[in-house]
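Here's the structure we're looking at; comments come further down.
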Amino acid sequence: MNFIIYIIVYPIIWLISKMPFPLFYFMSDVFYFLLYRVVGYRKKTVRENIRLTMPELSEAELKKVEKESFRHLCDIFLEMVKTFTISEAELKKRFTFTNLDTVLEVEKQGKSVMLFCAHYANWEWIIILDKFIKFQGYAVYKKINNPYFDTLIKRIRSRFDTVLVEMKETIRVIRQNEINKNHGVYAFISDQSPMVSQANCWQNFMGIEVPVYTGGEALCKKFDMVPMYLNVEYVKRGHYKTTFVPLLKEGEQLKDIPNYEITQRFLVEVEKQIRKAPAYYFWTHKRWKHRGNKPANIK
């Protein structure tokens, strides 16, 4: 069954990826109409998330953010598909870096970079970074159940030389690379909601105390990496600019930073972006579903 689904969907994905951008975004508008107006996919979740975290918004403002976020959600989904066939030159024009020297300076120091990323704007096109740096870029991902689509996703995301690392293999890969002095940039999407039973840290995010992933910070400290946040800003449809935000202040040493402080700094940066332009966050995640369920033994 997995293979049958794959051979049906594959040609559709390929055809969409080959569309010229005007037609491509027209297709996204069609998907938006179906997803938001007809199906109502997770509309209740999106509305509740926005209302919960930004109660100061009026009903009209909330509705506006909700609609724009669904429109952007469709764009992001199709932009991921577009990665299948987009040229290197085209992607370089559409996903730009404002301060690439920040990463290049770390390369000179001979240290790896732990790049904290969020479900904001476009996190998929970070794969073009490998065309600008000497380090190897790695993206940590969660394996897809359908093996054919898992292979396809890895193929798409590795087109520009990024290496995909399955979550459970992350420590082994980093350890081996550091032993061999093969430093790299490791991108983690770190704003998801972990299971309560697996969460050892709760922090304030958008005014709500929630469980948070701390694996990125733990690996960063274990292997003495340089922590940065990837700030991706929406410029216009299909165009983004990024800024590398150091999560260490000038003169700070990673070993002197209290546990979970780096994670908190990352969340602060994500929150700044959301409050500035909330429409480009991935509101369909049930990010705040565990609020109020903090175990008594967790500080």
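So you can find residues: chains in the structure tokens are A, B, ... in the order shown, residues in each start at 1, and ligands are numbered from 1 in order.
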
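Taking only C-alpha atoms, the non-local environment of Ala279 in chain A within 8 Å (same-chain residues fewer than 2 positions away omitted) comprises Val65, Glu66, Glu68, Ser69, His72, Ile274, Ala277 and Tyr281 of chain A.
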
N, CA and C atoms of the current selection, written as a CSV table (one decimal), in the first residue's frame:
chain,number,residue,atom,x,y,z
A,65,VAL,N,-4.9,37.2,11.1
A,65,VAL,CA,-3.7,36.4,11.3
A,65,VAL,C,-4.0,34.9,11.0
A,66,GLU,N,-5.2,34.5,11.4
A,66,GLU,CA,-5.6,33.1,11.0
A,66,GLU,C,-5.6,32.8,9.5
A,68,GLU,N,-4.1,34.6,7.1
A,68,GLU,CA,-2.8,34.8,6.5
A,68,GLU,C,-1.9,33.6,6.9
A,69,SER,N,-2.0,33.0,8.1
A,69,SER,CA,-1.2,31.9,8.5
A,69,SER,C,-1.5,30.6,7.6
A,72,HIS,N,0.0,31.1,4.2
A,72,HIS,CA,1.4,30.9,4.3
A,72,HIS,C,1.7,29.4,4.5
A,274,ILE,N,7.5,36.0,16.3
A,274,ILE,CA,6.1,35.7,16.2
A,274,ILE,C,5.3,37.0,16.5
A,277,ALA,N,5.4,39.5,13.5
A,277,ALA,CA,4.7,39.1,12.4
A,277,ALA,C,4.1,37.7,12.6
A,281,TYR,N,4.1,32.0,11.5
A,281,TYR,CA,4.4,30.9,12.4
A,281,TYR,C,3.5,29.7,12.1

Contact residues around range 187-195 of chain A with only C-alpha atoms at 10 Å, ignoring same-chain residues under 5 positions, as a PyMOL selection string:
chain A and resi 113-120+123+126-127+137-141+164-165+167+200+205+210-217+228-230+263+266-267+270+285-290

Have a look at A:Thr83, A:Thr162, A:Asn293, A:Thr98 and name the one nearest to Tyr240 in chain A; count only C-alpha atoms.
A:Thr98

Give me the residues within 10 Å of range 86-96 of chain A as a list in words, counting only C-alpha atoms and dropping any in the same chain fewer than 5 places off.
Ser17, Lys18, Met19, Glu79, Val81, Asn122, Trp125, Ile126, Ile127, Ile128, Leu129, Lys131, Phe132, Arg159, Phe160, Val232, Glu233, Tyr234, Val235, Lys236, Arg237, Gly238, His239, Tyr240, Lys241, Thr242 and Thr243 of chain A

Among the residues of range 34-138 of chain A, find those DSSP assigns to strand (DSSP E or B) from the backbone and print them as a PyMOL selection string.
chain A and resi 95-97+113-117+120+136-138

Could you write those residues out with all heavy atoms, as a compact mmCIF listing (two decimals), in the first residue's frame?
# COMPACT_ATOMS: atom_id res chain seq x y z
N PHE A 95 16.45 32.83 -1.04
CA PHE A 95 16.76 32.57 0.38
C PHE A 95 18.15 33.13 0.63
O PHE A 95 19.15 32.49 0.32
CB PHE A 95 16.70 31.07 0.67
CG PHE A 95 16.57 30.72 2.13
CD1 PHE A 95 15.32 30.66 2.73
CD2 PHE A 95 17.69 30.45 2.90
CE1 PHE A 95 15.18 30.33 4.07
CE2 PHE A 95 17.56 30.13 4.24
CZ PHE A 95 16.31 30.07 4.83
N THR A 96 18.22 34.32 1.20
CA THR A 96 19.49 35.01 1.33
C THR A 96 19.94 35.10 2.79
O THR A 96 19.14 34.97 3.71
CB THR A 96 19.39 36.43 0.75
OG1 THR A 96 18.40 37.18 1.48
CG2 THR A 96 19.01 36.39 -0.72
N PHE A 97 21.24 35.32 2.96
CA PHE A 97 21.85 35.41 4.29
C PHE A 97 22.43 36.80 4.49
O PHE A 97 23.21 37.28 3.67
CB PHE A 97 22.95 34.35 4.44
CG PHE A 97 22.45 32.94 4.25
CD1 PHE A 97 22.53 32.32 3.00
CD2 PHE A 97 21.87 32.24 5.29
CE1 PHE A 97 22.07 31.03 2.80
CE2 PHE A 97 21.40 30.95 5.11
CZ PHE A 97 21.49 30.34 3.88
N VAL A 113 28.80 24.42 14.79
CA VAL A 113 27.68 25.32 15.11
C VAL A 113 26.43 24.50 15.39
O VAL A 113 26.09 23.60 14.62
CB VAL A 113 27.40 26.29 13.94
CG1 VAL A 113 26.15 27.12 14.22
CG2 VAL A 113 28.59 27.20 13.70
N MET A 114 25.78 24.80 16.51
CA MET A 114 24.46 24.24 16.78
C MET A 114 23.45 25.31 16.38
O MET A 114 23.36 26.36 17.00
CB MET A 114 24.30 23.90 18.27
CG MET A 114 22.92 23.37 18.64
SD MET A 114 22.47 21.86 17.75
CE MET A 114 23.64 20.69 18.45
N LEU A 115 22.71 25.05 15.31
CA LEU A 115 21.79 26.04 14.74
C LEU A 115 20.36 25.71 15.17
O LEU A 115 19.75 24.77 14.67
CB LEU A 115 21.91 26.05 13.22
CG LEU A 115 21.29 27.22 12.48
CD1 LEU A 115 21.89 28.55 12.93
CD2 LEU A 115 21.47 27.06 10.97
N PHE A 116 19.84 26.51 16.09
CA PHE A 116 18.47 26.34 16.57
C PHE A 116 17.51 26.98 15.57
O PHE A 116 17.63 28.16 15.24
CB PHE A 116 18.30 26.99 17.94
CG PHE A 116 19.05 26.31 19.05
CD1 PHE A 116 20.41 26.55 19.24
CD2 PHE A 116 18.42 25.42 19.91
CE1 PHE A 116 21.12 25.93 20.25
CE2 PHE A 116 19.11 24.79 20.93
CZ PHE A 116 20.46 25.05 21.10
N CYS A 117 16.55 26.21 15.09
CA CYS A 117 15.58 26.69 14.10
C CYS A 117 14.16 26.54 14.64
O CYS A 117 13.90 25.77 15.56
CB CYS A 117 15.71 25.91 12.80
SG CYS A 117 17.39 25.87 12.12
N TYR A 120 9.05 28.76 11.53
CA TYR A 120 8.67 30.14 11.22
C TYR A 120 9.16 30.50 9.82
O TYR A 120 10.29 30.15 9.45
CB TYR A 120 9.27 31.10 12.25
CG TYR A 120 8.78 32.53 12.08
CD1 TYR A 120 7.61 32.96 12.72
CD2 TYR A 120 9.43 33.40 11.25
CE1 TYR A 120 7.13 34.24 12.53
CE2 TYR A 120 8.95 34.69 11.04
CZ TYR A 120 7.80 35.10 11.69
OH TYR A 120 7.31 36.38 11.48
N GLN A 136 30.35 21.05 6.67
CA GLN A 136 29.24 20.21 6.22
C GLN A 136 27.99 20.61 7.00
O GLN A 136 28.03 20.79 8.21
CB GLN A 136 29.55 18.74 6.44
CG GLN A 136 28.40 17.79 6.09
CD GLN A 136 28.05 17.83 4.62
OE1 GLN A 136 28.85 17.51 3.76
NE2 GLN A 136 26.83 18.25 4.31
N GLY A 137 26.88 20.75 6.30
CA GLY A 137 25.61 21.04 6.97
C GLY A 137 24.85 19.77 7.24
O GLY A 137 24.78 18.87 6.39
N TYR A 138 24.27 19.68 8.45
CA TYR A 138 23.47 18.51 8.84
C TYR A 138 22.10 18.98 9.30
O TYR A 138 21.99 19.98 10.01
CB TYR A 138 24.14 17.75 9.99
CG TYR A 138 25.50 17.17 9.65
CD1 TYR A 138 26.66 17.94 9.78
CD2 TYR A 138 25.63 15.86 9.20
CE1 TYR A 138 27.90 17.42 9.47
CE2 TYR A 138 26.87 15.33 8.89
CZ TYR A 138 28.01 16.12 9.03
OH TYR A 138 29.24 15.60 8.72

If you run DSSP on the backbone here, which positions in range 31-270 of chain A get alpha helix (DSSP H)? Please write them as an MDAnalysis selection string.
chainID A and resid 31:32 43:53 59:82 88:94 101:109 147:157 170:179 215:222 261:270

Restricting the calculation to only C-alpha atoms: of A:Pro147, A:Val106, A:Gly207, A:Val30, which residue gets closest to Ile4 in chain A?
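Closest candidate: A:Pro147.
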
In Å, rounded to a single decimal, give me how far CA of Asn259 in chain A is from CA of Asn297 in chain A.
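Here the two named atoms are 16.8 Å from each other.
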
Do you have the CA of Leu15 in chain A-CA of Arg42 in chain A distance handy?
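We find that CA of Leu15 in chain A and CA of Arg42 in chain A lie 27.1 Å from each other.
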
Take CA of Arg71 in chain A and CA of Ile13 in chain A and report the distance between them in Å, one decimal.
19.0 Å

Taking only C-alpha atoms into account, name the residue in A:Gly292, A:Phe33, A:Pro278, A:Asn204 that is nearest to Arg265 in chain A.
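When distances to Arg265 in chain A are compared using only C-alpha atoms, the smallest one comes from A:Asn204.
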
Applying 12 Å and only C-alpha atoms, which residues near Lys255 in chain A remain after dropping the ones on its own chain fewer than 5 positions away? List them as a PyMOL selection string.
chain A and resi 217-218+220-226+248+261-262

May I have the selected residues written with N, CA and C atoms, as a PDB file, in the first residue's frame?
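The result, stored in again_12.pdb:
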ATOM      1  N   GLU A 217      20.529  21.976  23.165  1.00  0.00           N
ATOM      2  CA  GLU A 217      21.425  22.607  24.126  1.00  0.00           C
ATOM      3  C   GLU A 217      22.371  21.589  24.753  1.00  0.00           C
ATOM      4  N   ALA A 218      21.859  20.417  25.100  1.00  0.00           N
ATOM      5  CA  ALA A 218      22.681  19.384  25.732  1.00  0.00           C
ATOM      6  C   ALA A 218      23.829  18.959  24.803  1.00  0.00           C
ATOM      7  N   CYS A 220      25.027  20.744  22.328  1.00  0.00           N
ATOM      8  CA  CYS A 220      25.863  21.926  22.157  1.00  0.00           C
ATOM      9  C   CYS A 220      26.918  22.001  23.259  1.00  0.00           C
ATOM     10  N   LYS A 221      26.487  21.765  24.496  1.00  0.00           N
ATOM     11  CA  LYS A 221      27.412  21.818  25.631  1.00  0.00           C
ATOM     12  C   LYS A 221      28.356  20.617  25.651  1.00  0.00           C
ATOM     13  N   LYS A 222      27.812  19.464  25.325  1.00  0.00           N
ATOM     14  CA  LYS A 222      28.616  18.239  25.379  1.00  0.00           C
ATOM     15  C   LYS A 222      29.797  18.306  24.416  1.00  0.00           C
ATOM     16  N   PHE A 223      29.573  18.900  23.234  1.00  0.00           N
ATOM     17  CA  PHE A 223      30.614  18.934  22.209  1.00  0.00           C
ATOM     18  C   PHE A 223      31.183  20.338  21.990  1.00  0.00           C
ATOM     19  N   ASP A 224      30.897  21.230  22.928  1.00  0.00           N
ATOM     20  CA  ASP A 224      31.454  22.589  22.911  1.00  0.00           C
ATOM     21  C   ASP A 224      31.230  23.271  21.567  1.00  0.00           C
ATOM     22  N   MET A 225      29.981  23.328  21.147  1.00  0.00           N
ATOM     23  CA  MET A 225      29.618  23.983  19.889  1.00  0.00           C
ATOM     24  C   MET A 225      29.268  25.453  20.133  1.00  0.00           C
ATOM     25  N   VAL A 226      29.102  26.183  19.061  1.00  0.00           N
ATOM     26  CA  VAL A 226      28.677  27.578  19.141  1.00  0.00           C
ATOM     27  C   VAL A 226      27.171  27.641  18.849  1.00  0.00           C
ATOM     28  N   LEU A 248      25.117  33.276  22.533  1.00  0.00           N
ATOM     29  CA  LEU A 248      26.060  33.619  23.595  1.00  0.00           C
ATOM     30  C   LEU A 248      26.398  35.095  23.474  1.00  0.00           C
ATOM     31  N   GLU A 261      19.503  27.679  29.876  1.00  0.00           N
ATOM     32  CA  GLU A 261      19.529  29.104  29.546  1.00  0.00           C
ATOM     33  C   GLU A 261      19.587  29.315  28.032  1.00  0.00           C
ATOM     34  N   ILE A 262      20.348  28.489  27.327  1.00  0.00           N
ATOM     35  CA  ILE A 262      20.444  28.619  25.871  1.00  0.00           C
ATOM     36  C   ILE A 262      19.081  28.342  25.233  1.00  0.00           C
TER      37      ILE A 262
END
